[in-house]
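Inspection log for the structure reproduced underneath, given as structure tokens.
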Amino acid sequence: MASSMADEDRISKLPDALITHILSFLPTEEVVRTCLLSKRWKLIWYSVPTIFFSNDKNRDDLEKLYNYVDKYVEQRKRGMEFMVDSDITSFVLNMYGECERSKTCLIDKWLGFVLEKKVKKIKLYPSLDPFVYYSLPKIFFENARYLTILKLHKIELDTSYSGSFPSLKTLVLDYVQISDTTKNDGVFKFLLGCPSLERLRLRDAEFYDVDDQLRLQSSSLKFMEFGYLNIYHESCLQVAAVNLESLVLDDVSLNKIDLSSCKNVRNLSLDDCFEDEESSIQVLISNFPLLEHLTLSFLSSDRIQFSINYYYGSDSDSDSDSTEFDQFSSKQLKISNQHLKSLNVRQYDDDYMIITIESAPELTSFRYDGEIHFSLSLESSNLLNGTFHVYEHRSIDSDTSFTNMMKFLSNLNCSWNVVSLRVHKAKALIFSEKLKNICSSPLINWKHLKLVLGEYDPERLSDLKDSLMWISPSLETLSINGKEIF
């Protein structure tokens with residue numbers, strides 16, 4: 001009891017500024033409840049600079065949330081009359097469920113209030129009828145000059161309103177729709193009012209009946225992410241961002257975006273992007289001479305069209321190479337880049353993937369997550385650090401599992417420094433005497449191995465060690481599930 005009283009005294013002696021800072025990390029409803037615990041704190045919630053409302057834990061009570069937020073804003077307005085320090089730095093509104101279109105007038109009012117208080121961050125996730133997008137009011141375009149971060153979800157843009165956002169650094173537009181009074185290039189004209197913008201994310205946007213080419217021009221952009229952009233007819237998005245350093249493309253048709261002006265990209269991530277003969281991944285990579293970090297994800301084989309060397313099992317000209325991976329189509333990707341330092345590949349389909357790194361003198365790190373049908377080749381004196389998280393069917397027998405794993409490992413034709421290998425079961429790495437008699441050793445030339453097993457029986461440690469040493473006699477260090485073996 002005495003300890004509890006001492007704790008209470010210490011908290012009550014904290015300065016108001018520190019208490020306000022602590023409360024700024026809580027949802028606003030909790031802030032108000034907390035301030036009711038002490039007479040001294042009763043008015044502190046008026047000074048908390050962050051406003052955060054969300055009904056993600058109780059999505060059936062959206063109407064109640066609208067009423068609560070509206071009452072809070074009215075109370076906060078009244079508090080301005082006697083609170084000297086009542087600036088608002090952040091306004092976050094996450095609403096889930098369906099509400100009537102008439103509620104948009106309330107959101108307009110709340111936005112007007114926080115903009116008047118020179119808010120710097122707005123995250124707006126309004127919830128209305130399923131097919132209703134919230135249209136940003138005119139007051140937003142007039143009074144948002146202090147904004148540095150703007151994140152909008154399911155928003156309709158009406159750029160017939162002219163606006164300037166001189167301080168905006170980060171812009172996120174998810175599920176954006178263009179109003180009837182705005183041309184299809186409204187999103188990109190909106191960006192012209194953001195001269196300091198450094199980070200842009202645009203996802204789930206559609207562009208119909210575009211007469212001219214779409215153009216995004218910015219000298220300040222450093223990071224850009226596009227996802228699920230649908231650009232119809234013959235239009236193409238031309239990106240003129242000369243200082244762009246990081247680019248993420250997710251489910252984007254490469255023939256619908258022109259990035260030839262973006263020569264300073266150093267970080268590139270491609271996730272399930274569509275290709276054709278003229279707009280391939282290889283062509284895109286070659287456009288970025290300063291590229292240092294590359295991530296490639298292939299999640300759905302029926303949506304990827306590789307322009308080079310597509311062959312199917314015994315239909316290939318080479319009997320020996322093609323039949324080894326029968327029943328799987330093969331896609332090949334050749335990479336050449338003088339500054340590439342790390343390469344990450346994720347593949348979750350049944351195609352056999354062959355990556356040949358023709359020239360990458362700076363490459364030191366490689367990571368692969370995916371199916372076992374994979375081959376990597378690199379002609380370089382560099383020692384790579386490799387990480388492999390391999391998935392295969394768990395129902396197959398031990399010998400087949402081991403054979404598949406050996407094919408996978410032997411196809412990693414590189415010079416390795418430290419290799420981290422994660423597999424589901426140890427059986428994939430333990431040979432039987434029958435296989436030992438028909439397979440030749442060594443299969444790989446590794447020196448340092450960190451092994452992570454989903455299912456591992458310590459009683460089979462001796463068998464596993466013997467098998468690994470037979471697979472790679474040059475092994476110098478081995479750890480299993482974080483435990484050093486030798």
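By order of appearance in the structure tokens: chains A, B, ..., then residues from 1 within every chain, and ligands from 1 in the order shown.
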
Report the closest atom pair, with its distance in Å rounded to one decimal, for each residue of range 395-419 of chain A that has an atom no farther than 12 Å from range 463-486 of chain A; count only C-alpha atoms, sort by chain and then rising residue number, and write it as a tab-separated table.
```
residue	atom	partner	partner_atom	distance
A:Phe402	CA	A:Ser467	CA	10.5
A:Thr403	CA	A:Ile471	CA	11.8
A:Met405	CA	A:Ile471	CA	11.0
A:Met406	CA	A:Ile471	CA	8.5
A:Lys407	CA	A:Ile471	CA	11.7
A:Leu409	CA	A:Ile471	CA	9.6
A:Ser410	CA	A:Ile471	CA	9.7
A:Trp416	CA	A:Leu475	CA	11.2
A:Asn417	CA	A:Leu475	CA	10.7
A:Val418	CA	A:Thr477	CA	9.3
A:Val419	CA	A:Leu478	CA	9.9
```

Take the residues from that selection and put them in a file with C-alpha atoms, as an mmCIF file, in the first residue's frame.
```
data_model
loop_
_atom_site.group_PDB
_atom_site.id
_atom_site.type_symbol
_atom_site.label_atom_id
_atom_site.label_comp_id
_atom_site.auth_asym_id
_atom_site.auth_seq_id
_atom_site.Cartn_x
_atom_site.Cartn_y
_atom_site.Cartn_z
ATOM 1 C CA PHE A 402 16.511 -35.147 -49.561
ATOM 2 C CA THR A 403 16.920 -35.471 -53.339
ATOM 3 C CA MET A 405 16.953 -30.404 -51.374
ATOM 4 C CA MET A 406 20.246 -31.566 -52.891
ATOM 5 C CA LYS A 407 19.132 -30.399 -56.333
ATOM 6 C CA LEU A 409 21.549 -26.650 -52.943
ATOM 7 C CA SER A 410 23.735 -27.833 -55.816
ATOM 8 C CA TRP A 416 29.430 -18.405 -50.214
ATOM 9 C CA ASN A 417 30.645 -16.885 -46.967
ATOM 10 C CA VAL A 418 27.894 -17.400 -44.374
ATOM 11 C CA VAL A 419 24.758 -19.303 -45.392
#
```

Which neighbours of Ser90 in chain A fall inside 10 Å, counting only C-alpha atoms, when residues of the same chain fewer than 4 positions from it are skipped, and could you give them as a JSON list (two decimals) with N, CA, C and O atoms, in the first residue's frame?
```
[["chain", "number", "residue", "atom", "x", "y", "z"],
["A", 24, "SER", "N", -0.08, 11.83, -25.46],
["A", 24, "SER", "CA", -0.18, 12.00, -26.92],
["A", 24, "SER", "C", -0.02, 10.68, -27.68],
["A", 24, "SER", "O", -0.31, 10.61, -28.87],
["A", 48, "VAL", "N", -3.41, 18.18, -25.21],
["A", 48, "VAL", "CA", -2.77, 17.05, -25.92],
["A", 48, "VAL", "C", -2.77, 17.35, -27.42],
["A", 48, "VAL", "O", -3.84, 17.56, -28.01],
["A", 49, "PRO", "N", -1.61, 17.37, -28.05],
["A", 49, "PRO", "CA", -1.52, 17.84, -29.44],
["A", 49, "PRO", "C", -1.97, 16.82, -30.49],
["A", 49, "PRO", "O", -2.04, 17.16, -31.67],
["A", 50, "THR", "N", -2.26, 15.59, -30.07],
["A", 50, "THR", "CA", -2.67, 14.56, -31.03],
["A", 50, "THR", "C", -4.12, 14.18, -30.82],
["A", 50, "THR", "O", -4.59, 14.05, -29.69],
["A", 51, "ILE", "N", -4.83, 13.98, -31.92],
["A", 51, "ILE", "CA", -6.21, 13.49, -31.88],
["A", 51, "ILE", "C", -6.25, 12.19, -32.68],
["A", 51, "ILE", "O", -5.89, 12.17, -33.85],
["A", 52, "PHE", "N", -6.69, 11.13, -32.02],
["A", 52, "PHE", "CA", -6.70, 9.82, -32.67],
["A", 52, "PHE", "C", -7.97, 9.08, -32.29],
["A", 52, "PHE", "O", -8.21, 8.76, -31.12],
["A", 114, "VAL", "N", -9.08, 21.23, -37.28],
["A", 114, "VAL", "CA", -7.66, 20.89, -37.09],
["A", 114, "VAL", "C", -6.76, 21.69, -38.03],
["A", 114, "VAL", "O", -5.62, 22.02, -37.67],
["A", 118, "LYS", "N", -3.32, 24.55, -37.34],
["A", 118, "LYS", "CA", -2.02, 24.33, -37.98],
["A", 118, "LYS", "C", -1.54, 22.89, -37.86],
["A", 118, "LYS", "O", -0.36, 22.62, -37.59],
["A", 119, "VAL", "N", -2.45, 21.95, -38.06],
["A", 119, "VAL", "CA", -2.12, 20.53, -37.95],
["A", 119, "VAL", "C", -1.04, 20.17, -38.97],
["A", 119, "VAL", "O", -1.01, 20.67, -40.09],
["A", 120, "LYS", "N", -0.14, 19.26, -38.55],
["A", 120, "LYS", "CA", 0.97, 18.85, -39.41],
["A", 120, "LYS", "C", 0.77, 17.46, -40.01],
["A", 120, "LYS", "O", 1.36, 17.15, -41.05],
["A", 121, "LYS", "N", -0.02, 16.63, -39.35],
["A", 121, "LYS", "CA", -0.24, 15.27, -39.86],
["A", 121, "LYS", "C", -1.73, 14.97, -39.89],
["A", 121, "LYS", "O", -2.43, 15.18, -38.90],
["A", 122, "ILE", "N", -2.21, 14.49, -41.01],
["A", 122, "ILE", "CA", -3.60, 14.04, -41.14],
["A", 122, "ILE", "C", -3.60, 12.64, -41.74],
["A", 122, "ILE", "O", -3.00, 12.39, -42.78],
["A", 123, "LYS", "N", -4.28, 11.73, -41.05],
["A", 123, "LYS", "CA", -4.54, 10.40, -41.59],
["A", 123, "LYS", "C", -6.04, 10.19, -41.55],
["A", 123, "LYS", "O", -6.64, 10.13, -40.47],
["A", 147, "LEU", "N", 0.75, 21.24, -43.37],
["A", 147, "LEU", "CA", 0.80, 19.78, -43.41],
["A", 147, "LEU", "C", 2.17, 19.28, -43.86],
["A", 147, "LEU", "O", 2.72, 19.75, -44.85],
["A", 149, "ILE", "N", 2.59, 15.54, -43.34],
["A", 149, "ILE", "CA", 2.22, 14.15, -43.63],
["A", 149, "ILE", "C", 0.72, 14.09, -43.91],
["A", 149, "ILE", "O", -0.09, 14.55, -43.11]]
```

Could you give me the residues within range 153-201 of chain A that DSSP places in strand (DSSP E), as number ranges by chain?
A: 153-157, 170-178, 199-201

For the residues selected in the previous step, produce a file with all heavy atoms as a tab-separated table (two decimals), in the first residue's frame.
```tsv
chain	number	residue	atom	x	y	z
A	153	HIS	N	-7.47	7.60	-47.42
A	153	HIS	CA	-7.99	6.32	-47.89
A	153	HIS	C	-9.43	6.50	-48.38
A	153	HIS	O	-10.25	7.10	-47.70
A	153	HIS	CB	-7.96	5.30	-46.75
A	153	HIS	CG	-8.52	3.96	-47.12
A	153	HIS	ND1	-7.74	2.94	-47.61
A	153	HIS	CD2	-9.77	3.47	-47.08
A	153	HIS	CE1	-8.50	1.89	-47.85
A	153	HIS	NE2	-9.74	2.19	-47.54
A	154	LYS	N	-9.70	5.99	-49.58
A	154	LYS	CA	-11.02	6.07	-50.18
A	154	LYS	C	-11.49	7.53	-50.27
A	154	LYS	O	-12.51	7.93	-49.72
A	154	LYS	CB	-12.03	5.23	-49.40
A	154	LYS	CG	-13.23	4.81	-50.26
A	154	LYS	CD	-14.22	3.95	-49.48
A	154	LYS	CE	-15.39	3.59	-50.37
A	154	LYS	NZ	-16.45	2.87	-49.64
A	155	ILE	N	-10.70	8.27	-51.03
A	155	ILE	CA	-10.91	9.71	-51.17
A	155	ILE	C	-11.20	10.06	-52.63
A	155	ILE	O	-10.63	9.50	-53.55
A	155	ILE	CB	-9.65	10.47	-50.70
A	155	ILE	CG1	-9.42	10.25	-49.21
A	155	ILE	CG2	-9.76	11.95	-51.01
A	155	ILE	CD1	-10.50	10.84	-48.33
A	156	GLU	N	-12.12	11.02	-52.80
A	156	GLU	CA	-12.37	11.58	-54.12
A	156	GLU	C	-11.66	12.92	-54.22
A	156	GLU	O	-11.82	13.78	-53.36
A	156	GLU	CB	-13.87	11.76	-54.34
A	156	GLU	CG	-14.21	12.32	-55.72
A	156	GLU	CD	-15.71	12.49	-55.92
A	156	GLU	OE1	-16.25	13.52	-55.46
A	156	GLU	OE2	-16.32	11.59	-56.51
A	157	LEU	N	-10.85	13.08	-55.27
A	157	LEU	CA	-10.11	14.32	-55.47
A	157	LEU	C	-10.86	15.23	-56.45
A	157	LEU	O	-11.23	14.80	-57.54
A	157	LEU	CB	-8.72	14.02	-56.03
A	157	LEU	CG	-7.61	13.69	-55.04
A	157	LEU	CD1	-6.30	13.47	-55.79
A	157	LEU	CD2	-7.44	14.77	-53.99
A	170	THR	N	5.25	13.80	-47.01
A	170	THR	CA	4.78	12.43	-47.23
A	170	THR	C	3.32	12.46	-47.66
A	170	THR	O	2.49	13.07	-46.99
A	170	THR	CB	4.92	11.58	-45.95
A	170	THR	OG1	6.31	11.51	-45.59
A	170	THR	CG2	4.40	10.17	-46.18
A	171	LEU	N	3.00	11.77	-48.76
A	171	LEU	CA	1.63	11.70	-49.25
A	171	LEU	C	1.29	10.25	-49.57
A	171	LEU	O	1.99	9.57	-50.32
A	171	LEU	CB	1.47	12.55	-50.52
A	171	LEU	CG	0.11	12.48	-51.22
A	171	LEU	CD1	-1.01	12.99	-50.31
A	171	LEU	CD2	0.13	13.26	-52.53
A	172	VAL	N	0.18	9.76	-48.98
A	172	VAL	CA	-0.32	8.42	-49.23
A	172	VAL	C	-1.75	8.53	-49.72
A	172	VAL	O	-2.61	9.10	-49.04
A	172	VAL	CB	-0.27	7.54	-47.96
A	172	VAL	CG1	-0.92	6.19	-48.22
A	172	VAL	CG2	1.17	7.35	-47.50
A	173	LEU	N	-2.01	8.00	-50.91
A	173	LEU	CA	-3.36	8.00	-51.48
A	173	LEU	C	-3.73	6.55	-51.80
A	173	LEU	O	-3.19	5.95	-52.74
A	173	LEU	CB	-3.41	8.84	-52.76
A	173	LEU	CG	-3.10	10.34	-52.62
A	173	LEU	CD1	-3.03	10.99	-54.00
A	173	LEU	CD2	-4.14	11.03	-51.75
A	174	ASP	N	-4.65	5.98	-51.02
A	174	ASP	CA	-5.12	4.62	-51.24
A	174	ASP	C	-6.60	4.66	-51.63
A	174	ASP	O	-7.40	5.30	-50.95
A	174	ASP	CB	-4.96	3.78	-49.97
A	174	ASP	CG	-3.51	3.48	-49.66
A	174	ASP	OD1	-2.68	3.60	-50.57
A	174	ASP	OD2	-3.20	3.12	-48.50
A	175	TYR	N	-6.96	3.97	-52.68
A	175	TYR	CA	-8.32	3.97	-53.20
A	175	TYR	C	-8.76	5.41	-53.50
A	175	TYR	O	-9.66	5.96	-52.88
A	175	TYR	CB	-9.29	3.33	-52.20
A	175	TYR	CG	-9.15	1.84	-52.10
A	175	TYR	CD1	-8.37	1.28	-51.10
A	175	TYR	CD2	-9.78	0.99	-52.99
A	175	TYR	CE1	-8.22	-0.10	-51.00
A	175	TYR	CE2	-9.64	-0.39	-52.90
A	175	TYR	CZ	-8.85	-0.92	-51.90
A	175	TYR	OH	-8.71	-2.27	-51.81
A	176	VAL	N	-8.09	5.99	-54.46
A	176	VAL	CA	-8.39	7.37	-54.83
A	176	VAL	C	-9.27	7.38	-56.08
A	176	VAL	O	-9.10	6.57	-56.99
A	176	VAL	CB	-7.09	8.17	-55.06
A	176	VAL	CG1	-6.27	7.57	-56.19
A	176	VAL	CG2	-7.39	9.63	-55.35
A	177	GLN	N	-10.22	8.29	-56.09
A	177	GLN	CA	-11.15	8.43	-57.21
A	177	GLN	C	-11.15	9.88	-57.66
A	177	GLN	O	-11.02	10.80	-56.85
A	177	GLN	CB	-12.56	8.02	-56.77
A	177	GLN	CG	-13.64	8.19	-57.82
A	177	GLN	CD	-14.97	7.65	-57.34
A	177	GLN	OE1	-15.22	6.47	-57.32
A	177	GLN	NE2	-15.86	8.55	-56.91
A	178	ILE	N	-11.29	10.07	-58.96
A	178	ILE	CA	-11.30	11.42	-59.51
A	178	ILE	C	-12.74	11.90	-59.65
A	178	ILE	O	-13.60	11.17	-60.14
A	178	ILE	CB	-10.60	11.45	-60.88
A	178	ILE	CG1	-9.22	10.80	-60.78
A	178	ILE	CG2	-10.48	12.87	-61.39
A	178	ILE	CD1	-8.31	11.45	-59.77
A	199	ARG	N	8.09	11.62	-50.23
A	199	ARG	CA	7.59	10.24	-50.23
A	199	ARG	C	6.15	10.22	-50.77
A	199	ARG	O	5.30	10.97	-50.30
A	199	ARG	CB	7.61	9.63	-48.82
A	199	ARG	CG	9.00	9.52	-48.23
A	199	ARG	CD	8.95	8.94	-46.81
A	199	ARG	NE	8.45	7.57	-46.82
A	199	ARG	CZ	9.23	6.50	-47.02
A	199	ARG	NH1	10.53	6.64	-47.21
A	199	ARG	NH2	8.72	5.29	-47.00
A	200	LEU	N	5.91	9.34	-51.75
A	200	LEU	CA	4.59	9.23	-52.36
A	200	LEU	C	4.19	7.76	-52.47
A	200	LEU	O	4.97	6.94	-52.94
A	200	LEU	CB	4.60	9.86	-53.77
A	200	LEU	CG	3.36	9.58	-54.64
A	200	LEU	CD1	2.12	10.25	-54.04
A	200	LEU	CD2	3.60	10.04	-56.07
A	201	ARG	N	2.97	7.47	-52.03
A	201	ARG	CA	2.39	6.15	-52.27
A	201	ARG	C	1.02	6.34	-52.90
A	201	ARG	O	0.17	7.04	-52.38
A	201	ARG	CB	2.24	5.35	-50.97
A	201	ARG	CG	1.77	3.91	-51.25
A	201	ARG	CD	1.74	3.06	-50.00
A	201	ARG	NE	0.44	3.12	-49.35
A	201	ARG	CZ	0.09	2.34	-48.32
A	201	ARG	NH1	0.95	1.48	-47.84
A	201	ARG	NH2	-1.09	2.45	-47.78
```

Compile the contact shell of Phe374 in chain A as a PyMOL selection string: residues with an atom at most 8 Å away, counting only C-alpha atoms, same-chain residues fewer than 4 positions apart removed.
chain A and resi 352-354+408+411

Export of the given selection (C-alpha atoms) as a compact mmCIF listing (two decimals), in the first residue's frame:
```
# COMPACT_ATOMS: atom_id res chain seq x y z
CA TYR A 352 11.30 -23.31 -62.13
CA MET A 353 13.20 -20.05 -61.87
CA ILE A 354 16.74 -19.59 -63.13
CA PHE A 408 18.26 -27.05 -54.83
CA ASN A 411 22.09 -25.27 -58.09
```

Between A:Phe207, A:Tyr161, A:Tyr391, A:Phe223, which residue has the minimum interatomic distance to Ser235 in chain A, considering only C-alpha atoms?
A:Phe207

Need to verify the contact set: range 165-169 of chain A, 6 Å, only C-alpha atoms, exclusion of same-chain residues closer than 2 positions in sequence. Can you return it as a list in words?
Arg145, Tyr146, Leu147, Thr148, Ile149, Gly193, Cys194, Pro195, Ser196, Leu197 and Glu198 of chain A

File of the preceding selection, N, CA and C atoms, as a PDB file, in the first residue's frame:
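The result, stored in out12.pdb:
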```pdb
ATOM      1  N   ARG A 145      -1.525  24.426 -45.500  1.00  0.00           N
ATOM      2  CA  ARG A 145      -0.148  24.814 -45.820  1.00  0.00           C
ATOM      3  C   ARG A 145       0.869  24.338 -44.781  1.00  0.00           C
ATOM      4  N   TYR A 146       0.400  23.917 -43.587  1.00  0.00           N
ATOM      5  CA  TYR A 146       1.340  23.453 -42.557  1.00  0.00           C
ATOM      6  C   TYR A 146       1.512  21.931 -42.570  1.00  0.00           C
ATOM      7  N   LEU A 147       0.746  21.242 -43.373  1.00  0.00           N
ATOM      8  CA  LEU A 147       0.802  19.783 -43.405  1.00  0.00           C
ATOM      9  C   LEU A 147       2.166  19.278 -43.858  1.00  0.00           C
ATOM     10  N   THR A 148       2.691  18.283 -43.126  1.00  0.00           N
ATOM     11  CA  THR A 148       3.917  17.608 -43.546  1.00  0.00           C
ATOM     12  C   THR A 148       3.647  16.146 -43.925  1.00  0.00           C
ATOM     13  N   ILE A 149       2.588  15.542 -43.338  1.00  0.00           N
ATOM     14  CA  ILE A 149       2.222  14.152 -43.632  1.00  0.00           C
ATOM     15  C   ILE A 149       0.725  14.091 -43.913  1.00  0.00           C
ATOM     16  N   GLY A 193       1.273  20.906 -56.575  1.00  0.00           N
ATOM     17  CA  GLY A 193       1.176  21.825 -55.438  1.00  0.00           C
ATOM     18  C   GLY A 193       1.971  21.381 -54.238  1.00  0.00           C
ATOM     19  N   CYS A 194       2.832  20.360 -54.434  1.00  0.00           N
ATOM     20  CA  CYS A 194       3.630  19.806 -53.329  1.00  0.00           C
ATOM     21  C   CYS A 194       5.110  19.905 -53.675  1.00  0.00           C
ATOM     22  N   PRO A 195       5.697  21.073 -53.644  1.00  0.00           N
ATOM     23  CA  PRO A 195       7.081  21.260 -54.107  1.00  0.00           C
ATOM     24  C   PRO A 195       8.133  20.602 -53.223  1.00  0.00           C
ATOM     25  N   SER A 196       7.756  20.227 -51.985  1.00  0.00           N
ATOM     26  CA  SER A 196       8.727  19.624 -51.060  1.00  0.00           C
ATOM     27  C   SER A 196       8.496  18.135 -50.845  1.00  0.00           C
ATOM     28  N   LEU A 197       7.592  17.540 -51.621  1.00  0.00           N
ATOM     29  CA  LEU A 197       7.212  16.145 -51.413  1.00  0.00           C
ATOM     30  C   LEU A 197       8.399  15.205 -51.626  1.00  0.00           C
ATOM     31  N   GLU A 198       8.623  14.319 -50.622  1.00  0.00           N
ATOM     32  CA  GLU A 198       9.734  13.370 -50.689  1.00  0.00           C
ATOM     33  C   GLU A 198       9.266  11.922 -50.795  1.00  0.00           C
TER      34      GLU A 198
END
```

Hey, which of A:Leu18, A:Cys105, A:Val242, A:Leu284 ends up closest to Ile257 in chain A? Count only C-alpha atoms.
A:Leu284

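In this model, the gap between CA of Asp108 in chain A and CA of Leu124 in chain A comes to 11.4 Å.
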
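Excluding Leu111 in chain A itself and same-chain residues fewer than 3 positions from it, the residues having an atom within 9 Å of it are Phe91, Leu106, Ile107, Asp108, Val114, Leu115, Glu116, Ile122, Pro137, Ile139 and Phe140 of chain A, counting only C-alpha atoms.
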
Would you save the residues of that selection, restricted to N, CA and C atoms, as an mmCIF file, in the first residue's frame?
```cif
data_model
loop_
_atom_site.group_PDB
_atom_site.id
_atom_site.type_symbol
_atom_site.label_atom_id
_atom_site.label_comp_id
_atom_site.auth_asym_id
_atom_site.auth_seq_id
_atom_site.Cartn_x
_atom_site.Cartn_y
_atom_site.Cartn_z
ATOM 1 N N PHE A 91 -3.909 14.555 -36.551
ATOM 2 C CA PHE A 91 -5.323 14.181 -36.553
ATOM 3 C C PHE A 91 -5.467 12.873 -37.325
ATOM 4 N N LEU A 106 -19.903 16.465 -41.229
ATOM 5 C CA LEU A 106 -19.201 16.434 -39.949
ATOM 6 C C LEU A 106 -17.695 16.319 -40.152
ATOM 7 N N ILE A 107 -17.286 15.436 -41.091
ATOM 8 C CA ILE A 107 -15.858 15.283 -41.364
ATOM 9 C C ILE A 107 -15.290 16.593 -41.880
ATOM 10 N N ASP A 108 -16.052 17.295 -42.733
ATOM 11 C CA ASP A 108 -15.621 18.607 -43.221
ATOM 12 C C ASP A 108 -15.360 19.549 -42.046
ATOM 13 N N VAL A 114 -9.080 21.229 -37.285
ATOM 14 C CA VAL A 114 -7.661 20.888 -37.092
ATOM 15 C C VAL A 114 -6.763 21.694 -38.030
ATOM 16 N N LEU A 115 -7.263 22.034 -39.223
ATOM 17 C CA LEU A 115 -6.467 22.850 -40.130
ATOM 18 C C LEU A 115 -6.280 24.259 -39.569
ATOM 19 N N GLU A 116 -7.300 24.745 -38.903
ATOM 20 C CA GLU A 116 -7.206 26.062 -38.257
ATOM 21 C C GLU A 116 -6.131 26.072 -37.172
ATOM 22 N N ILE A 122 -2.213 14.486 -41.010
ATOM 23 C CA ILE A 122 -3.602 14.040 -41.137
ATOM 24 C C ILE A 122 -3.602 12.641 -41.740
ATOM 25 N N PRO A 137 -13.050 18.758 -48.882
ATOM 26 C CA PRO A 137 -13.733 20.052 -49.028
ATOM 27 C C PRO A 137 -12.788 21.155 -49.490
ATOM 28 N N ILE A 139 -12.114 23.896 -48.090
ATOM 29 C CA ILE A 139 -11.317 24.455 -46.996
ATOM 30 C C ILE A 139 -10.004 23.710 -46.829
ATOM 31 N N PHE A 140 -10.001 22.422 -47.216
ATOM 32 C CA PHE A 140 -8.764 21.649 -47.117
ATOM 33 C C PHE A 140 -7.701 22.226 -48.045
#
```

Write out as an MDAnalysis selection string all residues of range 58-207 of chain A that DSSP puts in helix (DSSP H, G or I) for this structure's backbone.
chainID A and resid 62:79 101:116 138:143 186:191

Please, what distance in Å, to one decimal, runs between CA of Leu421 in chain A and CA of Leu449 in chain A?
7.4 Å

Residue among A:Asp350, A:Glu245, A:Asp250, A:Glu81 lying closest to Asn264 in chain A, counting only C-alpha atoms
A:Glu245
